[in-house]
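Below is one structure, written out as structure tokens, with a few remarks after it.
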Amino acid sequence: MSTTSNFNFSDPVILEDDFVLLRPLQETDVDNLVEISINEPETWKYSLVGADGKENLINYIQSAIKNREDKKEFPFIVFDKKSQKYAGSTRFYDIQLDYKTVQLGYTWYGSAFRGTGLNKHCKFLLLQFAFETLGMERVEFRADNNNERSIAAMKSIGCKVEGVLRSHMPTANSEIRRDSIVLSILRNEWFDEVKENLKRKL
């Protein structure tokens with residue numbers, strides 16, 4: 001039996017190191033994230049599903065939790081140990097246990113936590129869990145092809161660009177459709193180079 005078949009979506013998965021803690025997102029986390037939601041709506045500029053404003057944040061969290069209950073996604077809240085504040089959220093989605101593939105995304109942080117190294121710590125913990133606990137063969141990442149900051153962050157952790165899906169999705173507030181860039185890390189790449197390279201950047 002593969003390790004993936006033992007994954008329980010109701011498990012209270014906690015991932016942490018000296019800098020960051022990730023735990024399952026809960027409905028009460030509205031209170032922990034509402035300040036970013038209200039004061040930094042630009043955080044979701046490239047997101048089809050935004051969490052800007054308290055009402056949108058409530059819907060965002062409820063939807064994420066339902067998708068976890070439906071065994072489609074596993075959302076986390078991110079806690080920054082250095083500042084002792086909640087920084088944002090991220091999740092595994094499109095979880096294909098039989099195929100041993102997963103997507104990692106829906107990642108956002110408040111402006112105070114960007115460029116601090118927090119994201120690299122989060123990604124290290126999530127990738128380690130995906131490859132070493134869940135036994136995944138592939139972790140995929142996607143972003144709006146115009147989102148330069150997000151793409152640069154993914155490349156910096158070791159993701160390889162696979163291509164661009166043209167006119168892939170609608171955008172939140174316009175009739176313009178977005179092109180989505182696809183990146184990934186494979187199991188052998190994680191163990192051969194990505195893990196050690198990323199660890200050196202922490």
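Chain labels A, B, ... are given in the sequence in which chains occur in the structure tokens; within each chain residues are numbered consecutively from 1, and ligands are likewise numbered from 1 in the order shown.
Within the 8 Å cut-off around region 113-120 of chain A, using only C-alpha atoms and omitting residues fewer than 2 positions from it on the same chain, the listed residues are Phe19, Val20, Asp80, Ala87, Tyr109, Gly110, Ser111, Cys122, Lys123, Phe124, Ile157, Leu198, Lys201 and Leu202 of chain A.
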>> If DSSP is run on the backbone, what residues of region 7-197 of chain A are helix (DSSP H, G or I)? A reply as number ranges by chain would be ideal.
In response: A: 27-39, 41-44, 54-69, 111-113, 118-133, 148-156, 187-197
> Which neighbours of Val139 (chain A) fall inside 10 Å, counting only C-alpha atoms, when residues of the same chain fewer than 3 positions from it are skipped, and could you give them as a list in words?
Replying inline: Phe92, Ile95, Lys100, Thr101, Val102, Gln103, Leu104, Leu126, Leu127, Ala130, Phe131, Met136, Cys159, Leu183, Ser184, Ile185, Leu186, Arg187 and Trp190 of chain A
File dump, residues just selected, N, CA and C atoms, as a PDB file, in the first residue's frame:
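Written output follows (result.pdb):
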```pdb
ATOM      1  N   PHE A  92      -2.625  22.792  -0.499  1.00  0.00           N
ATOM      2  CA  PHE A  92      -2.542  21.762  -1.528  1.00  0.00           C
ATOM      3  C   PHE A  92      -3.916  21.686  -2.190  1.00  0.00           C
ATOM      4  N   ILE A  95      -5.638  17.419  -5.551  1.00  0.00           N
ATOM      5  CA  ILE A  95      -4.882  16.309  -4.945  1.00  0.00           C
ATOM      6  C   ILE A  95      -5.287  14.999  -5.617  1.00  0.00           C
ATOM      7  N   LYS A 100      -0.403  10.300  -7.635  1.00  0.00           N
ATOM      8  CA  LYS A 100       0.695  10.850  -6.853  1.00  0.00           C
ATOM      9  C   LYS A 100       1.128  12.232  -7.351  1.00  0.00           C
ATOM     10  N   THR A 101       0.133  13.057  -7.656  1.00  0.00           N
ATOM     11  CA  THR A 101       0.398  14.434  -8.049  1.00  0.00           C
ATOM     12  C   THR A 101      -0.463  15.372  -7.222  1.00  0.00           C
ATOM     13  N   VAL A 102       0.032  16.596  -7.070  1.00  0.00           N
ATOM     14  CA  VAL A 102      -0.696  17.596  -6.295  1.00  0.00           C
ATOM     15  C   VAL A 102      -0.287  18.972  -6.797  1.00  0.00           C
ATOM     16  N   GLN A 103      -1.184  19.930  -6.656  1.00  0.00           N
ATOM     17  CA  GLN A 103      -0.832  21.313  -6.940  1.00  0.00           C
ATOM     18  C   GLN A 103      -0.682  22.063  -5.618  1.00  0.00           C
ATOM     19  N   LEU A 104       0.236  23.007  -5.614  1.00  0.00           N
ATOM     20  CA  LEU A 104       0.502  23.823  -4.434  1.00  0.00           C
ATOM     21  C   LEU A 104       0.268  25.273  -4.819  1.00  0.00           C
ATOM     22  N   LEU A 126       6.211  22.367   3.004  1.00  0.00           N
ATOM     23  CA  LEU A 126       5.143  21.788   2.189  1.00  0.00           C
ATOM     24  C   LEU A 126       5.683  20.781   1.177  1.00  0.00           C
ATOM     25  N   LEU A 127       6.802  21.111   0.546  1.00  0.00           N
ATOM     26  CA  LEU A 127       7.396  20.192  -0.425  1.00  0.00           C
ATOM     27  C   LEU A 127       7.936  18.945   0.268  1.00  0.00           C
ATOM     28  N   ALA A 130       4.988  16.808   0.993  1.00  0.00           N
ATOM     29  CA  ALA A 130       4.428  16.219  -0.225  1.00  0.00           C
ATOM     30  C   ALA A 130       5.267  15.046  -0.719  1.00  0.00           C
ATOM     31  N   PHE A 131       6.571  15.234  -0.777  1.00  0.00           N
ATOM     32  CA  PHE A 131       7.434  14.196  -1.337  1.00  0.00           C
ATOM     33  C   PHE A 131       7.815  13.116  -0.331  1.00  0.00           C
ATOM     34  N   MET A 136       4.480  11.845  -2.996  1.00  0.00           N
ATOM     35  CA  MET A 136       4.108  12.386  -4.298  1.00  0.00           C
ATOM     36  C   MET A 136       5.253  12.265  -5.301  1.00  0.00           C
ATOM     37  N   CYS A 159      11.505  25.549  -8.901  1.00  0.00           N
ATOM     38  CA  CYS A 159      10.505  25.099  -9.872  1.00  0.00           C
ATOM     39  C   CYS A 159      11.019  25.259 -11.300  1.00  0.00           C
ATOM     40  N   LEU A 183       4.509  25.473 -13.690  1.00  0.00           N
ATOM     41  CA  LEU A 183       5.834  25.079 -13.223  1.00  0.00           C
ATOM     42  C   LEU A 183       5.686  23.820 -12.381  1.00  0.00           C
ATOM     43  N   SER A 184       6.785  23.122 -12.157  1.00  0.00           N
ATOM     44  CA  SER A 184       6.694  21.910 -11.338  1.00  0.00           C
ATOM     45  C   SER A 184       8.036  21.533 -10.734  1.00  0.00           C
ATOM     46  N   ILE A 185       7.957  20.672  -9.748  1.00  0.00           N
ATOM     47  CA  ILE A 185       9.116  19.989  -9.166  1.00  0.00           C
ATOM     48  C   ILE A 185       8.768  18.509  -9.132  1.00  0.00           C
ATOM     49  N   LEU A 186       9.679  17.671  -9.623  1.00  0.00           N
ATOM     50  CA  LEU A 186       9.482  16.227  -9.618  1.00  0.00           C
ATOM     51  C   LEU A 186      10.201  15.602  -8.430  1.00  0.00           C
ATOM     52  N   ARG A 187       9.765  14.421  -8.061  1.00  0.00           N
ATOM     53  CA  ARG A 187      10.310  13.730  -6.892  1.00  0.00           C
ATOM     54  C   ARG A 187      11.832  13.599  -6.953  1.00  0.00           C
ATOM     55  N   TRP A 190      13.559  16.890  -6.346  1.00  0.00           N
ATOM     56  CA  TRP A 190      13.552  17.264  -4.928  1.00  0.00           C
ATOM     57  C   TRP A 190      14.719  16.619  -4.198  1.00  0.00           C
TER      58      TRP A 190
END
```
>> Just the number, please: distance in Å from CA of Glu42 (chain A) to CA of Asp94 (chain A), one decimal.
In response: 25.5 Å
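If you look at CA of Ser89 (chain A) and CA of Tyr106 (chain A), they are 7.3 Å away from each other.
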>> Just list as a ChimeraX atom specification whatever in region 14-104 of chain A DSSP marks as strand (DSSP E).
In response: /A:15-16,20-24,74-80,85-96,101-104
Atoms to include: N, CA and C atoms. Write the selected residues as a tab-separated table (two decimals), in the first residue's frame.
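Writing done, so here's result-v8.tsv:
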```tsv
chain	number	residue	atom	x	y	z
A	15	LEU	N	2.87	21.62	10.23
A	15	LEU	CA	4.22	21.67	9.68
A	15	LEU	C	4.90	22.90	10.27
A	16	GLU	N	6.09	22.72	10.81
A	16	GLU	CA	6.75	23.88	11.41
A	16	GLU	C	8.26	23.72	11.48
A	20	VAL	N	8.39	29.35	11.10
A	20	VAL	CA	7.00	29.37	10.63
A	20	VAL	C	6.25	28.14	11.10
A	21	LEU	N	4.94	28.28	11.26
A	21	LEU	CA	4.07	27.16	11.58
A	21	LEU	C	2.88	27.20	10.64
A	22	LEU	N	2.59	26.04	10.04
A	22	LEU	CA	1.40	25.89	9.21
A	22	LEU	C	0.49	24.89	9.89
A	23	ARG	N	-0.78	25.26	10.02
A	23	ARG	CA	-1.78	24.35	10.58
A	23	ARG	C	-3.04	24.44	9.73
A	24	PRO	N	-3.95	23.48	9.85
A	24	PRO	CA	-5.18	23.51	9.04
A	24	PRO	C	-5.99	24.80	9.25
A	74	PHE	N	-6.36	20.86	0.75
A	74	PHE	CA	-5.94	20.88	2.15
A	74	PHE	C	-5.34	22.26	2.43
A	75	PRO	N	-6.16	23.19	2.96
A	75	PRO	CA	-5.71	24.56	3.19
A	75	PRO	C	-5.05	24.75	4.56
A	76	PHE	N	-4.04	25.60	4.58
A	76	PHE	CA	-3.32	25.94	5.81
A	76	PHE	C	-3.40	27.44	6.08
A	77	ILE	N	-3.29	27.80	7.35
A	77	ILE	CA	-3.00	29.17	7.74
A	77	ILE	C	-1.53	29.22	8.10
A	78	VAL	N	-0.89	30.35	7.81
A	78	VAL	CA	0.56	30.50	8.02
A	78	VAL	C	0.79	31.45	9.18
A	79	PHE	N	1.57	30.97	10.18
A	79	PHE	CA	1.90	31.78	11.36
A	79	PHE	C	3.38	32.08	11.37
A	80	ASP	N	3.72	33.36	11.42
A	80	ASP	CA	5.11	33.80	11.43
A	80	ASP	C	5.61	33.86	12.87
A	85	LYS	N	2.72	36.68	14.47
A	85	LYS	CA	1.49	37.09	13.80
A	85	LYS	C	1.14	36.12	12.68
A	86	TYR	N	-0.15	36.07	12.37
A	86	TYR	CA	-0.59	35.27	11.23
A	86	TYR	C	-0.29	36.03	9.95
A	87	ALA	N	0.33	35.32	9.00
A	87	ALA	CA	0.87	35.97	7.81
A	87	ALA	C	0.02	35.81	6.56
A	88	GLY	N	-0.75	34.71	6.47
A	88	GLY	CA	-1.51	34.46	5.25
A	88	GLY	C	-1.98	33.02	5.18
A	89	SER	N	-2.08	32.52	3.97
A	89	SER	CA	-2.63	31.18	3.76
A	89	SER	C	-2.02	30.53	2.52
A	90	THR	N	-2.06	29.20	2.47
A	90	THR	CA	-1.60	28.43	1.32
A	90	THR	C	-2.31	27.10	1.36
A	91	ARG	N	-2.24	26.33	0.27
A	91	ARG	CA	-2.91	25.03	0.31
A	91	ARG	C	-2.41	24.08	-0.77
A	92	PHE	N	-2.62	22.79	-0.50
A	92	PHE	CA	-2.54	21.76	-1.53
A	92	PHE	C	-3.92	21.69	-2.19
A	93	TYR	N	-3.95	21.54	-3.52
A	93	TYR	CA	-5.23	21.38	-4.21
A	93	TYR	C	-5.04	20.46	-5.41
A	94	ASP	N	-6.14	20.13	-6.05
A	94	ASP	CA	-6.12	19.16	-7.15
A	94	ASP	C	-5.30	17.94	-6.70
A	95	ILE	N	-5.64	17.42	-5.55
A	95	ILE	CA	-4.88	16.31	-4.94
A	95	ILE	C	-5.29	15.00	-5.62
A	96	GLN	N	-4.37	14.42	-6.35
A	96	GLN	CA	-4.61	13.17	-7.07
A	96	GLN	C	-3.78	12.06	-6.42
A	101	THR	N	0.13	13.06	-7.66
A	101	THR	CA	0.40	14.43	-8.05
A	101	THR	C	-0.46	15.37	-7.22
A	102	VAL	N	0.03	16.60	-7.07
A	102	VAL	CA	-0.70	17.60	-6.30
A	102	VAL	C	-0.29	18.97	-6.80
A	103	GLN	N	-1.18	19.93	-6.66
A	103	GLN	CA	-0.83	21.31	-6.94
A	103	GLN	C	-0.68	22.06	-5.62
A	104	LEU	N	0.24	23.01	-5.61
A	104	LEU	CA	0.50	23.82	-4.43
A	104	LEU	C	0.27	25.27	-4.82
```
> For His121 (chain A), which residue among A:Arg166, A:Arg138, A:Lys199, A:Lys54 is the nearest when counting only C-alpha atoms?
Replying inline: A:Lys199
Find the residues around Arg149 (chain A) up to 12 Å (only C-alpha atoms counted), leave out those fewer than 4 positions away in its own chain, and share them as a PDB file with N, CA and C atoms, in the first residue's frame.
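File produced: selection_31.pdb:
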```pdb
ATOM      1  N   THR A  43      -3.622  42.372  -2.475  1.00  0.00           N
ATOM      2  CA  THR A  43      -3.017  41.044  -2.303  1.00  0.00           C
ATOM      3  C   THR A  43      -3.600  40.049  -3.303  1.00  0.00           C
ATOM      4  N   LYS A  45      -4.803  40.705  -6.368  1.00  0.00           N
ATOM      5  CA  LYS A  45      -4.867  41.311  -7.706  1.00  0.00           C
ATOM      6  C   LYS A  45      -4.916  40.255  -8.810  1.00  0.00           C
ATOM      7  N   TYR A  46      -4.151  39.185  -8.656  1.00  0.00           N
ATOM      8  CA  TYR A  46      -4.055  38.171  -9.711  1.00  0.00           C
ATOM      9  C   TYR A  46      -4.892  36.928  -9.409  1.00  0.00           C
ATOM     10  N   TRP A 108      -0.896  33.350  -0.361  1.00  0.00           N
ATOM     11  CA  TRP A 108      -0.834  34.802  -0.206  1.00  0.00           C
ATOM     12  C   TRP A 108      -0.383  35.163   1.208  1.00  0.00           C
ATOM     13  N   ARG A 114       6.183  39.619   3.006  1.00  0.00           N
ATOM     14  CA  ARG A 114       6.760  39.326   1.705  1.00  0.00           C
ATOM     15  C   ARG A 114       8.226  39.742   1.690  1.00  0.00           C
ATOM     16  N   GLY A 115       9.051  38.916   1.071  1.00  0.00           N
ATOM     17  CA  GLY A 115      10.471  39.243   0.985  1.00  0.00           C
ATOM     18  C   GLY A 115      11.232  39.029   2.276  1.00  0.00           C
ATOM     19  N   ALA A 143       0.397  30.087 -12.032  1.00  0.00           N
ATOM     20  CA  ALA A 143       0.223  31.499 -11.707  1.00  0.00           C
ATOM     21  C   ALA A 143      -0.200  32.253 -12.956  1.00  0.00           C
ATOM     22  N   ASP A 144      -0.788  33.413 -12.737  1.00  0.00           N
ATOM     23  CA  ASP A 144      -1.053  34.329 -13.846  1.00  0.00           C
ATOM     24  C   ASP A 144       0.293  34.664 -14.489  1.00  0.00           C
ATOM     25  N   ASN A 145       0.384  34.555 -15.784  1.00  0.00           N
ATOM     26  CA  ASN A 145       1.656  34.777 -16.470  1.00  0.00           C
ATOM     27  C   ASN A 145       2.145  36.218 -16.345  1.00  0.00           C
ATOM     28  N   ALA A 153       9.322  34.001  -7.384  1.00  0.00           N
ATOM     29  CA  ALA A 153       9.389  33.255  -6.127  1.00  0.00           C
ATOM     30  C   ALA A 153       9.405  31.752  -6.380  1.00  0.00           C
ATOM     31  N   MET A 154       8.601  31.299  -7.330  1.00  0.00           N
ATOM     32  CA  MET A 154       8.551  29.867  -7.632  1.00  0.00           C
ATOM     33  C   MET A 154       9.861  29.387  -8.256  1.00  0.00           C
ATOM     34  N   LYS A 155      10.416  30.184  -9.149  1.00  0.00           N
ATOM     35  CA  LYS A 155      11.702  29.809  -9.756  1.00  0.00           C
ATOM     36  C   LYS A 155      12.804  29.757  -8.705  1.00  0.00           C
ATOM     37  N   SER A 156      12.739  30.660  -7.733  1.00  0.00           N
ATOM     38  CA  SER A 156      13.801  30.747  -6.729  1.00  0.00           C
ATOM     39  C   SER A 156      13.822  29.546  -5.788  1.00  0.00           C
TER      40      SER A 156
END
```
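Nearest residue to Asp29 (chain A), choosing from A:Gln62, A:Ser180, A:Asn197, A:Asn8 and counting only C-alpha atoms: A:Gln62.
Residue nearest Glu55 (chain A), chosen from A:Asn39, A:Val34, A:Pro170, A:Glu73 and counting only C-alpha atoms: A:Val34.
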> Got a sec: who's within 10 Å of Ile181 (chain A), counting only C-alpha atoms, leaving out chain neighbours fewer than 2 positions off, as a PyMOL selection string?
Replying inline: chain A and resi 141-147+151+161-166+168+178-179+183
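When CA of Thr171 (chain A) is paired with CA of Val49 (chain A), their separation reads 9.1 Å.
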